[in-house]
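Just model.cif here, mmCIF, C-alpha atoms (C1' of nucleotides):
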```
data_entry
loop_
_atom_site.label_atom_id
_atom_site.label_comp_id
_atom_site.auth_asym_id
_atom_site.auth_seq_id
_atom_site.Cartn_x
_atom_site.Cartn_y
_atom_site.Cartn_z
CA MET H 10 -96.63 -67.57 148.23
CA ARG H 11 -94.46 -68.09 151.29
CA ILE H 12 -96.05 -67.85 154.73
CA ALA H 13 -94.34 -68.22 158.07
CA SER H 14 -94.81 -68.18 161.83
CA TRP H 15 -92.38 -67.23 164.59
CA ASN H 16 -92.76 -66.86 168.34
CA VAL H 17 -90.22 -64.09 168.92
CA ASN H 18 -90.43 -63.88 172.74
CA SER H 19 -90.34 -60.05 172.81
CA LEU H 20 -90.48 -58.16 169.54
CA LYS H 21 -88.54 -55.32 171.13
CA VAL H 22 -85.52 -57.55 171.76
CA ARG H 23 -85.88 -59.54 168.54
CA LEU H 24 -86.67 -56.74 166.04
CA PRO H 25 -83.18 -56.72 164.46
CA GLN H 26 -83.38 -60.50 164.03
CA VAL H 27 -86.86 -60.25 162.52
CA LEU H 28 -85.65 -57.63 160.02
CA ASP H 29 -82.65 -59.81 159.10
CA TRP H 30 -84.88 -62.81 158.68
CA LEU H 31 -87.42 -60.97 156.51
CA ALA H 32 -84.60 -59.83 154.22
CA ARG H 33 -83.21 -63.35 153.96
CA GLN H 34 -86.41 -65.40 153.57
CA GLN H 35 -88.64 -62.73 152.00
CA PRO H 36 -91.89 -64.33 153.15
CA ASP H 37 -95.12 -62.88 151.76
CA ALA H 38 -96.55 -63.03 155.26
CA LEU H 39 -95.10 -63.58 158.72
CA CYS H 40 -97.17 -64.29 161.83
CA LEU H 41 -95.53 -63.28 165.11
CA GLN H 42 -96.37 -64.33 168.66
CA GLU H 43 -95.33 -63.17 172.12
CA LEU H 44 -94.73 -59.56 171.14
CA LYS H 45 -94.75 -58.58 174.83
CA LEU H 46 -95.45 -54.95 174.00
CA GLU H 47 -98.40 -52.59 173.80
CA ASP H 48 -99.69 -51.34 170.46
CA PRO H 49 -98.15 -47.84 170.74
CA SER H 50 -94.73 -49.49 171.09
CA PHE H 51 -95.14 -51.69 167.99
CA PRO H 52 -92.18 -51.03 165.65
CA ARG H 53 -94.42 -50.25 162.72
CA ALA H 54 -92.14 -47.75 160.98
CA ALA H 55 -89.16 -50.13 160.87
CA LEU H 56 -91.25 -52.96 159.49
CA GLU H 57 -92.97 -50.75 156.91
CA ALA H 58 -89.56 -49.49 155.83
CA ALA H 59 -88.66 -53.14 155.25
CA GLY H 60 -91.67 -53.41 152.93
CA TYR H 61 -94.25 -54.98 155.24
CA SER H 62 -97.67 -53.80 156.28
CA CYS H 63 -98.66 -54.69 159.83
CA ALA H 64 -101.71 -55.78 161.77
CA TYR H 65 -101.20 -56.29 165.49
CA SER H 66 -102.87 -56.80 168.82
CA GLY H 67 -100.58 -56.37 171.77
CA GLN H 68 -100.60 -55.97 175.52
CA LYS H 69 -98.13 -55.14 178.25
CA THR H 70 -95.60 -57.85 179.24
CA TYR H 71 -97.45 -60.92 177.97
CA ASN H 72 -98.85 -62.41 174.77
CA GLY H 73 -99.42 -60.18 171.74
CA VAL H 74 -99.71 -61.26 168.09
CA ALA H 75 -99.09 -59.66 164.70
CA ILE H 76 -99.30 -60.38 160.99
CA LEU H 77 -96.79 -58.81 158.60
CA GLY H 78 -97.59 -58.79 154.88
CA ARG H 79 -95.77 -57.77 151.72
CA SER H 80 -99.15 -56.79 150.25
CA PRO H 81 -102.02 -55.04 152.07
CA LEU H 82 -103.72 -56.84 154.95
CA GLU H 83 -107.49 -56.61 154.80
CA ASN H 84 -110.44 -57.55 156.99
CA VAL H 85 -108.33 -57.59 160.13
CA VAL H 86 -110.10 -59.21 163.08
CA CYS H 87 -108.73 -59.53 166.62
CA GLY H 88 -109.55 -62.44 168.90
CA ILE H 89 -111.93 -65.40 168.68
CA GLU H 90 -115.43 -64.30 167.72
CA GLY H 91 -117.82 -64.81 170.64
CA PHE H 92 -115.06 -65.65 173.13
CA GLU H 93 -114.23 -62.94 175.64
CA ASP H 94 -110.53 -63.00 176.44
CA PRO H 95 -108.44 -60.11 177.76
CA GLN H 96 -105.30 -61.95 176.59
CA ARG H 97 -104.19 -60.90 173.10
CA ARG H 98 -103.68 -64.25 171.39
CA VAL H 99 -105.36 -64.18 167.97
CA ILE H 100 -105.35 -61.91 164.95
CA SER H 101 -106.63 -62.67 161.44
CA ALA H 102 -106.38 -60.96 158.07
CA ASP H 103 -106.76 -61.52 154.34
CA ILE H 104 -103.71 -61.29 152.13
CA ALA H 105 -103.59 -62.05 148.41
CA GLY H 106 -106.79 -64.10 148.55
CA VAL H 107 -105.72 -66.18 151.56
CA ARG H 108 -107.19 -65.92 155.07
CA LEU H 109 -104.46 -66.01 157.73
CA VAL H 110 -105.05 -66.70 161.40
CA CYS H 111 -102.13 -65.98 163.74
CA ALA H 112 -102.54 -67.72 167.09
CA TYR H 113 -100.71 -67.95 170.39
CA VAL H 114 -102.33 -70.84 172.24
CA PRO H 115 -102.06 -70.68 176.05
CA ASN H 116 -99.16 -72.60 177.57
CA GLY H 117 -101.14 -74.28 180.32
CA GLN H 118 -98.27 -74.32 182.86
CA SER H 119 -99.08 -77.76 184.35
CA ILE H 120 -102.04 -80.09 184.06
CA ASP H 121 -103.24 -79.40 187.62
CA SER H 122 -103.32 -75.61 187.19
CA ASP H 123 -106.11 -73.16 186.38
CA LYS H 124 -104.06 -72.17 183.35
CA TYR H 125 -104.42 -75.69 181.97
CA ARG H 126 -108.21 -75.49 182.31
CA TYR H 127 -108.09 -72.08 180.63
CA LYS H 128 -106.01 -73.63 177.82
CA LEU H 129 -108.54 -76.42 177.20
CA GLY H 130 -111.49 -74.00 177.26
CA TRP H 131 -109.61 -71.67 174.97
CA LEU H 132 -108.88 -74.50 172.53
CA ALA H 133 -112.55 -75.55 172.51
CA ALA H 134 -113.62 -72.00 171.60
CA PHE H 135 -110.81 -71.73 169.03
CA CYS H 136 -111.85 -75.00 167.36
CA ALA H 137 -115.55 -74.08 167.24
CA TRP H 138 -114.70 -70.69 165.75
CA LEU H 139 -112.30 -72.18 163.18
CA GLU H 140 -115.03 -74.56 162.00
CA ARG H 141 -117.10 -71.49 161.08
CA GLU H 142 -114.09 -69.67 159.60
CA LEU H 143 -113.20 -72.68 157.45
CA ALA H 144 -116.74 -72.65 156.03
CA ARG H 145 -116.36 -68.94 155.26
CA TYR H 146 -112.84 -69.09 153.86
CA PRO H 147 -111.90 -72.20 151.86
CA ARG H 148 -108.37 -70.79 151.60
CA ILE H 149 -107.46 -70.43 155.26
CA ALA H 150 -104.18 -71.06 157.08
CA VAL H 151 -103.81 -71.14 160.87
CA LEU H 152 -100.26 -70.37 161.93
CA GLY H 153 -98.76 -70.03 165.34
CA ASP H 154 -97.49 -71.35 168.61
CA TYR H 155 -99.97 -74.11 169.48
CA ASN H 156 -98.14 -75.16 172.64
CA ILE H 157 -99.02 -78.75 171.66
CA ALA H 158 -96.62 -81.43 170.43
CA PRO H 159 -99.07 -83.51 168.35
CA GLU H 160 -97.21 -86.84 168.44
CA ASP H 161 -94.42 -88.55 170.34
CA ARG H 162 -92.08 -88.03 167.39
CA ASP H 163 -92.48 -84.29 168.03
CA VAL H 164 -90.92 -84.71 171.49
CA HIS H 165 -87.20 -85.28 172.18
CA ASP H 166 -87.94 -87.53 175.17
CA PRO H 167 -91.53 -88.80 175.06
CA LYS H 168 -91.11 -90.87 178.23
CA ALA H 169 -89.94 -87.91 180.28
CA TRP H 170 -92.76 -85.75 178.90
CA GLU H 171 -95.53 -88.35 179.14
CA GLY H 172 -98.75 -86.89 180.53
CA GLN H 173 -97.26 -83.41 180.97
CA VAL H 174 -98.54 -80.13 179.66
CA LEU H 175 -97.90 -79.66 175.89
CA VAL H 176 -98.26 -83.41 175.24
CA SER H 177 -101.23 -84.47 177.39
CA GLU H 178 -104.05 -86.50 175.86
CA ALA H 179 -106.60 -83.68 176.21
CA GLU H 180 -104.31 -81.24 174.38
CA ARG H 181 -103.56 -83.74 171.63
CA ASP H 182 -107.29 -84.44 171.33
CA ALA H 183 -107.87 -80.71 170.80
CA PHE H 184 -105.23 -80.71 168.06
CA GLY H 185 -106.90 -83.80 166.59
CA ARG H 186 -110.25 -82.00 166.46
CA LEU H 187 -108.67 -79.35 164.24
CA ALA H 188 -107.48 -82.15 161.97
CA ALA H 189 -110.99 -83.59 162.02
CA LEU H 190 -112.29 -80.28 160.66
CA GLY H 191 -110.00 -80.82 157.67
CA PHE H 192 -106.95 -78.80 158.72
CA ARG H 193 -103.68 -80.43 157.73
CA ASP H 194 -100.36 -80.08 159.54
CA SER H 195 -98.31 -78.75 156.61
CA PHE H 196 -95.06 -80.07 158.12
CA ARG H 197 -96.32 -83.64 157.86
CA LEU H 198 -97.37 -83.31 154.24
CA PHE H 199 -93.72 -83.90 153.36
CA GLU H 200 -90.83 -86.14 154.27
CA GLN H 201 -88.96 -84.48 157.13
CA PRO H 202 -85.76 -85.02 159.09
CA GLU H 203 -85.94 -87.01 162.33
CA LYS H 204 -86.00 -85.04 165.58
CA ALA H 205 -87.37 -81.85 164.03
CA TYR H 206 -88.41 -79.32 166.67
CA THR H 207 -89.40 -75.65 166.90
CA TRP H 208 -88.71 -74.93 170.57
CA TRP H 209 -85.76 -75.65 172.87
CA ASP H 210 -85.37 -74.67 176.51
CA TYR H 211 -82.86 -71.88 177.12
CA ARG H 212 -81.48 -73.92 179.99
CA MET H 213 -79.18 -76.95 179.96
CA ASN H 214 -77.92 -76.23 176.43
CA GLY H 215 -81.27 -77.43 175.14
CA PHE H 216 -80.68 -76.31 171.56
CA LYS H 217 -77.14 -77.62 171.23
CA ARG H 218 -78.33 -81.00 172.51
CA ASN H 219 -81.51 -80.78 170.40
CA LEU H 220 -83.73 -81.33 173.43
CA GLY H 221 -86.74 -79.81 171.74
CA LEU H 222 -90.43 -79.96 171.01
CA ARG H 223 -92.36 -79.31 167.81
CA ILE H 224 -95.12 -77.03 169.06
CA ASP H 225 -95.28 -74.32 166.35
CA HIS H 226 -97.39 -75.29 163.37
CA ILE H 227 -98.87 -74.15 160.09
CA LEU H 228 -102.27 -75.74 159.58
CA LEU H 229 -103.85 -75.53 156.14
CA SER H 230 -107.40 -75.91 154.88
CA PRO H 231 -107.89 -78.81 152.46
CA GLU H 232 -107.82 -76.42 149.50
CA LEU H 233 -104.52 -74.86 150.60
CA ALA H 234 -103.01 -78.22 151.57
CA THR H 235 -103.32 -79.44 147.97
CA ARG H 236 -101.40 -76.31 146.93
CA CYS H 237 -98.63 -76.60 149.50
CA THR H 238 -95.25 -77.45 147.96
CA ALA H 239 -92.96 -77.31 151.00
CA CYS H 240 -92.81 -76.82 154.75
CA SER H 241 -89.70 -76.45 156.88
CA ILE H 242 -88.28 -75.21 160.15
CA ASP H 243 -85.49 -72.61 159.90
CA LEU H 244 -82.96 -73.36 162.64
CA GLU H 245 -80.66 -70.43 161.80
CA PRO H 246 -82.31 -67.78 164.01
CA ARG H 247 -82.00 -70.11 167.02
CA ARG H 248 -78.21 -69.87 166.57
CA ASN H 249 -78.25 -66.07 166.88
CA GLU H 250 -76.95 -64.12 169.84
CA ARG H 251 -79.88 -63.61 172.21
CA PRO H 252 -82.18 -65.88 170.24
CA SER H 253 -85.85 -66.50 170.74
CA ASP H 254 -86.40 -69.94 172.24
CA HIS H 255 -88.58 -70.73 169.18
CA ALA H 256 -87.53 -71.19 165.55
CA PRO H 257 -89.65 -70.01 162.60
CA VAL H 258 -91.75 -72.39 160.50
CA LEU H 259 -92.31 -71.71 156.78
CA ALA H 260 -94.68 -73.05 154.15
CA ASP H 261 -94.77 -72.46 150.41
CA LEU H 262 -98.10 -72.33 148.59
CA GLU H 263 -98.57 -72.55 144.83
CA LEU H 264 -101.69 -70.47 144.23
"C1'" DA I 20 -80.81 -82.11 192.81
"C1'" DT I 21 -87.69 -79.98 190.41
"C1'" DG I 22 -82.41 -76.80 189.60
"C1'" DG I 23 -80.79 -75.05 184.97
"C1'" DC I 24 -82.32 -69.54 181.32
"C1'" DT I 25 -84.60 -65.36 179.38
"C1'" DA I 26 -87.76 -61.35 179.40
"C1'" DT I 27 -90.59 -58.07 181.80
"C1'" DG I 28 -91.76 -54.87 185.47
"C1'" DT I 29 -89.55 -52.36 188.51
"C1'" DA I 30 -85.71 -51.37 191.85
"C1'" DG I 31 -84.44 -56.73 194.84
"C1'" DC I 32 -87.06 -60.17 193.36
"C1'" DA I 33 -91.59 -62.00 191.41
"C1'" DT I 34 -94.01 -64.02 187.47
"C1'" DA I 35 -94.24 -66.53 183.22
"C1'" DG I 36 -92.72 -69.21 179.71
"C1'" DA I 37 -92.60 -74.58 177.88
#
```

Show me, as structure tokens, the structure contained in the file I just sent.
Amino acid sequence: MRIASWNVNSLKVRLPQVLDWLARQQPDALCLQELKLEDPSFPRAALEAAGYSCAYSGQKTYNGVAILGRSPLENVVCGIEGFEDPQRRVISADIAGVRLVCAYVPNGQSIDSDKYRYKLGWLAAFCAWLERELARYPRIAVLGDYNIAPEDRDVHDPKAWEGQVLVSEAERDAFGRLAALGFRDSFRLFEQPEKAYTWWDYRMNGFKRNLGLRIDHILLSPELATRCTACSIDLEPRRNERPSDHAPVLADLEL
DNA sequence: ATGGCTATGTAGCATAGA
């Protein structure tokens, strides 16, 4: 089973690229973030024609998440149970005996902003909820844009980024608490190239110069981690015309 | 030099992303 995650930064703009990518990689499930469209505008027909069923939770302009599956998606749940949040950032579903959580963690803007405090509170609620979900679903994967670079090796210039949003100690602690629950960063289960990132700034030729961050992750429950055979970042879509600023991450599971 | 680019909403710029 191949699962994947991609922050598309507008599904409306990126739909042709998503369809191309689905045809090329043929994932069994794809989690999308930053749809930036409302549910009535979700391109359901085009994705179903490509062979994917869809579960989505969108809003105007910002945020929005979806799960695409080559087999039916069941028990779809939107949001973090018990955490009121008007921002559409989480959707979960069962597919082929695996529980998938698609998440778009808040960016945080800067460490002195209200958005940073919202991010930390959001992460605390997310972590507490995932502890309960992990107990319910031994086969659970949490995919998405975490907006956290877990370690300095996930940052092109750790000195320049030191203490900033996406790499701050409090954010890395939150990521560490997910690991403490038993979730494994699938990318680090395997030997990987140096300077592997999933996001590059549109400005300053960030991608060409590989000035990136690894902030998109596929976390796996212990049971799924033992069944994971590969994890990689696909750089090809970042080379497209009008690319998303994020690249997709993929993981293969032997179930 | 705190800029640089992209997308959205909405009609000349403001907000947000990371």

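The smallest atom-to-atom distance between chain I and any of H:Leu222, H:Leu143, H:Ala38, H:Ala260, using only C-alpha atoms (C1' of nucleotides), is found for H:Leu222.
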
If we count all atoms listed in the file, what is near H:Ala205 at a cut-off of 9 Å, once residues fewer than 4 positions away on the same chain are taken out, given as a PyMOL selection string?
chain H and resi 162-165+201+219+221-223+242

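By all atoms listed in the file, and with residues fewer than 4 positions from H:Asn214 along its chain excluded, the set lying at most 12 Å from it is Trp209, Asp210, Arg218, Asn219, Leu220, Gly221, Arg247, Arg248 and Asp254 of chain H; DG23 and DC24 of chain I.
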
Based on all atoms listed in the file, which of the residues in chain I come within 12 Å of chain H? I want them as an mmCIF file with C-alpha atoms (C1' of nucleotides), keeping the file's coordinate frame.
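Output (iface-v9.cif):
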```cif
data_model
loop_
_atom_site.group_PDB
_atom_site.id
_atom_site.type_symbol
_atom_site.label_atom_id
_atom_site.label_comp_id
_atom_site.auth_asym_id
_atom_site.auth_seq_id
_atom_site.Cartn_x
_atom_site.Cartn_y
_atom_site.Cartn_z
ATOM 1 C "C1'" DG I 22 -82.410 -76.800 189.600
ATOM 2 C "C1'" DG I 23 -80.790 -75.050 184.970
ATOM 3 C "C1'" DC I 24 -82.320 -69.540 181.320
ATOM 4 C "C1'" DT I 25 -84.600 -65.360 179.380
ATOM 5 C "C1'" DA I 26 -87.760 -61.350 179.400
ATOM 6 C "C1'" DT I 27 -90.590 -58.070 181.800
ATOM 7 C "C1'" DG I 28 -91.760 -54.870 185.470
ATOM 8 C "C1'" DT I 34 -94.010 -64.020 187.470
ATOM 9 C "C1'" DA I 35 -94.240 -66.530 183.220
ATOM 10 C "C1'" DG I 36 -92.720 -69.210 179.710
ATOM 11 C "C1'" DA I 37 -92.600 -74.580 177.880
#
```

Atom CA of H:Glu180 sits from atom CA of H:Gln42 at a separation of 19.5 Å

Determine, counting all atoms listed in the file, every residue of protein, DNA or RNA that lies within 8 Å of (-100.5, -75.9, 158.6) in the file coordinates, then give the result as a JSON list (two decimals) with C-alpha atoms, in the frame of the given file.
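Output file point-v9.json follows:
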```
[["chain", "number", "residue", "atom", "x", "y", "z"],
["H", 150, "ALA", "CA", -104.18, -71.06, 157.08],
["H", 151, "VAL", "CA", -103.81, -71.14, 160.87],
["H", 152, "LEU", "CA", -100.26, -70.37, 161.93],
["H", 192, "PHE", "CA", -106.95, -78.80, 158.72],
["H", 193, "ARG", "CA", -103.68, -80.43, 157.73],
["H", 194, "ASP", "CA", -100.36, -80.08, 159.54],
["H", 195, "SER", "CA", -98.31, -78.75, 156.61],
["H", 196, "PHE", "CA", -95.06, -80.07, 158.12],
["H", 226, "HIS", "CA", -97.39, -75.29, 163.37],
["H", 227, "ILE", "CA", -98.87, -74.15, 160.09],
["H", 228, "LEU", "CA", -102.27, -75.74, 159.58],
["H", 229, "LEU", "CA", -103.85, -75.53, 156.14],
["H", 230, "SER", "CA", -107.40, -75.91, 154.88],
["H", 234, "ALA", "CA", -103.01, -78.22, 151.57],
["H", 260, "ALA", "CA", -94.68, -73.05, 154.15]]
```

Decode the PyMOL selection byres ((chain H and resi 26-33) around 10) for the given file into explicit residues and return them as a ChimeraX atom specification.
/H:15,17,20,22-25,34-39,41,55-56,58-61,77,243,245-246,249-253,257

Mind checking which residues fall within 7 Å of H:Ala134, counting all atoms listed in the file, ignoring those fewer than 4 positions away in the same chain, and posting them as a short mmCIF file (atom, residue, chain, number, x, y, z; two decimals) with C-alpha atoms, in the coordinates of the input?
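Done, and the output landed in around_32.cif:
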```
data_model
loop_
_atom_site.label_atom_id
_atom_site.label_comp_id
_atom_site.auth_asym_id
_atom_site.auth_seq_id
_atom_site.Cartn_x
_atom_site.Cartn_y
_atom_site.Cartn_z
CA PHE H 92 -115.06 -65.65 173.13
CA GLY H 130 -111.49 -74.00 177.26
CA TRP H 138 -114.70 -70.69 165.75
#
```

Here is a test: counting only C-alpha atoms, which residue of H:Arg97, H:Met10, H:Phe135, H:Tyr125 is nearest to H:Ser80?
H:Met10

Please provide the set of residues having any atom within 8 Å of H:Ser66, restricted to all atoms listed in the file, with same-chain residues fewer than 3 positions apart removed, written as a ChimeraX atom specification.
/H:47-48,73-75,87,97-100

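Nearest residue to H:Tyr113, choosing from H:Pro159, H:Gly153, H:Pro167, H:Pro147 and counting all atoms listed in the file: H:Gly153.
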
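Shortest atom-to-atom contact with H:Gly185 among H:Pro49, H:Asp121, H:Ala133, H:Lys128: H:Ala133, counting all atoms listed in the file.
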
Taking the file as shown, what set of residues would the PyMOL selection byres ((chain H and resi 262) around 9) give back, as a ChimeraX atom specification?
/H:10-12,233-239,260-261,263-264

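For the pair atom CA of H:Ala256 and atom CA of H:Pro231, the interatomic distance is 25.4 Å.
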
Starting from the sparse input, extend stretch 24-40 of chain H to N, CA and C atoms and give the output as a PDB file, in the frame of the given file.
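Result file is part21.pdb:
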```
ATOM      1  N   LEU H  24     -86.412 -57.476 167.290  1.00  0.00           N
ATOM      2  CA  LEU H  24     -86.670 -56.740 166.040  1.00  0.00           C
ATOM      3  C   LEU H  24     -85.510 -56.822 165.037  1.00  0.00           C
ATOM      4  N   PRO H  25     -84.256 -56.624 165.458  1.00  0.00           N
ATOM      5  CA  PRO H  25     -83.180 -56.720 164.460  1.00  0.00           C
ATOM      6  C   PRO H  25     -83.117 -58.100 163.808  1.00  0.00           C
ATOM      7  N   GLN H  26     -83.388 -59.145 164.585  1.00  0.00           N
ATOM      8  CA  GLN H  26     -83.380 -60.500 164.030  1.00  0.00           C
ATOM      9  C   GLN H  26     -84.550 -60.722 163.075  1.00  0.00           C
ATOM     10  N   VAL H  27     -85.694 -60.126 163.408  1.00  0.00           N
ATOM     11  CA  VAL H  27     -86.860 -60.250 162.520  1.00  0.00           C
ATOM     12  C   VAL H  27     -86.564 -59.548 161.191  1.00  0.00           C
ATOM     13  N   LEU H  28     -85.972 -58.363 161.257  1.00  0.00           N
ATOM     14  CA  LEU H  28     -85.650 -57.630 160.020  1.00  0.00           C
ATOM     15  C   LEU H  28     -84.641 -58.411 159.181  1.00  0.00           C
ATOM     16  N   ASP H  29     -83.624 -58.968 159.821  1.00  0.00           N
ATOM     17  CA  ASP H  29     -82.650 -59.810 159.100  1.00  0.00           C
ATOM     18  C   ASP H  29     -83.337 -60.986 158.430  1.00  0.00           C
ATOM     19  N   TRP H  30     -84.230 -61.601 159.182  1.00  0.00           N
ATOM     20  CA  TRP H  30     -84.880 -62.810 158.680  1.00  0.00           C
ATOM     21  C   TRP H  30     -85.817 -62.496 157.508  1.00  0.00           C
ATOM     22  N   LEU H  31     -86.537 -61.384 157.617  1.00  0.00           N
ATOM     23  CA  LEU H  31     -87.420 -60.970 156.510  1.00  0.00           C
ATOM     24  C   LEU H  31     -86.608 -60.738 155.237  1.00  0.00           C
ATOM     25  N   ALA H  32     -85.437 -60.110 155.392  1.00  0.00           N
ATOM     26  CA  ALA H  32     -84.600 -59.830 154.220  1.00  0.00           C
ATOM     27  C   ALA H  32     -84.082 -61.121 153.602  1.00  0.00           C
ATOM     28  N   ARG H  33     -83.779 -62.090 154.449  1.00  0.00           N
ATOM     29  CA  ARG H  33     -83.210 -63.350 153.960  1.00  0.00           C
ATOM     30  C   ARG H  33     -84.257 -64.263 153.350  1.00  0.00           C
ATOM     31  N   GLN H  34     -85.400 -64.426 154.021  1.00  0.00           N
ATOM     32  CA  GLN H  34     -86.410 -65.400 153.570  1.00  0.00           C
ATOM     33  C   GLN H  34     -87.470 -64.764 152.675  1.00  0.00           C
ATOM     34  N   GLN H  35     -87.647 -63.454 152.796  1.00  0.00           N
ATOM     35  CA  GLN H  35     -88.640 -62.730 152.000  1.00  0.00           C
ATOM     36  C   GLN H  35     -90.002 -63.417 151.979  1.00  0.00           C
ATOM     37  N   PRO H  36     -90.555 -63.730 153.145  1.00  0.00           N
ATOM     38  CA  PRO H  36     -91.890 -64.330 153.150  1.00  0.00           C
ATOM     39  C   PRO H  36     -92.932 -63.300 152.698  1.00  0.00           C
ATOM     40  N   ASP H  37     -94.015 -63.783 152.113  1.00  0.00           N
ATOM     41  CA  ASP H  37     -95.120 -62.880 151.760  1.00  0.00           C
ATOM     42  C   ASP H  37     -95.906 -62.486 152.998  1.00  0.00           C
ATOM     43  N   ALA H  38     -95.890 -63.366 153.986  1.00  0.00           N
ATOM     44  CA  ALA H  38     -96.550 -63.030 155.260  1.00  0.00           C
ATOM     45  C   ALA H  38     -95.801 -63.720 156.393  1.00  0.00           C
ATOM     46  N   LEU H  39     -95.713 -63.021 157.516  1.00  0.00           N
ATOM     47  CA  LEU H  39     -95.100 -63.580 158.720  1.00  0.00           C
ATOM     48  C   LEU H  39     -96.010 -63.321 159.912  1.00  0.00           C
ATOM     49  N   CYS H  40     -96.355 -64.396 160.611  1.00  0.00           N
ATOM     50  CA  CYS H  40     -97.170 -64.290 161.830  1.00  0.00           C
ATOM     51  C   CYS H  40     -96.224 -64.332 163.034  1.00  0.00           C
TER      52      CYS H  40
END
```
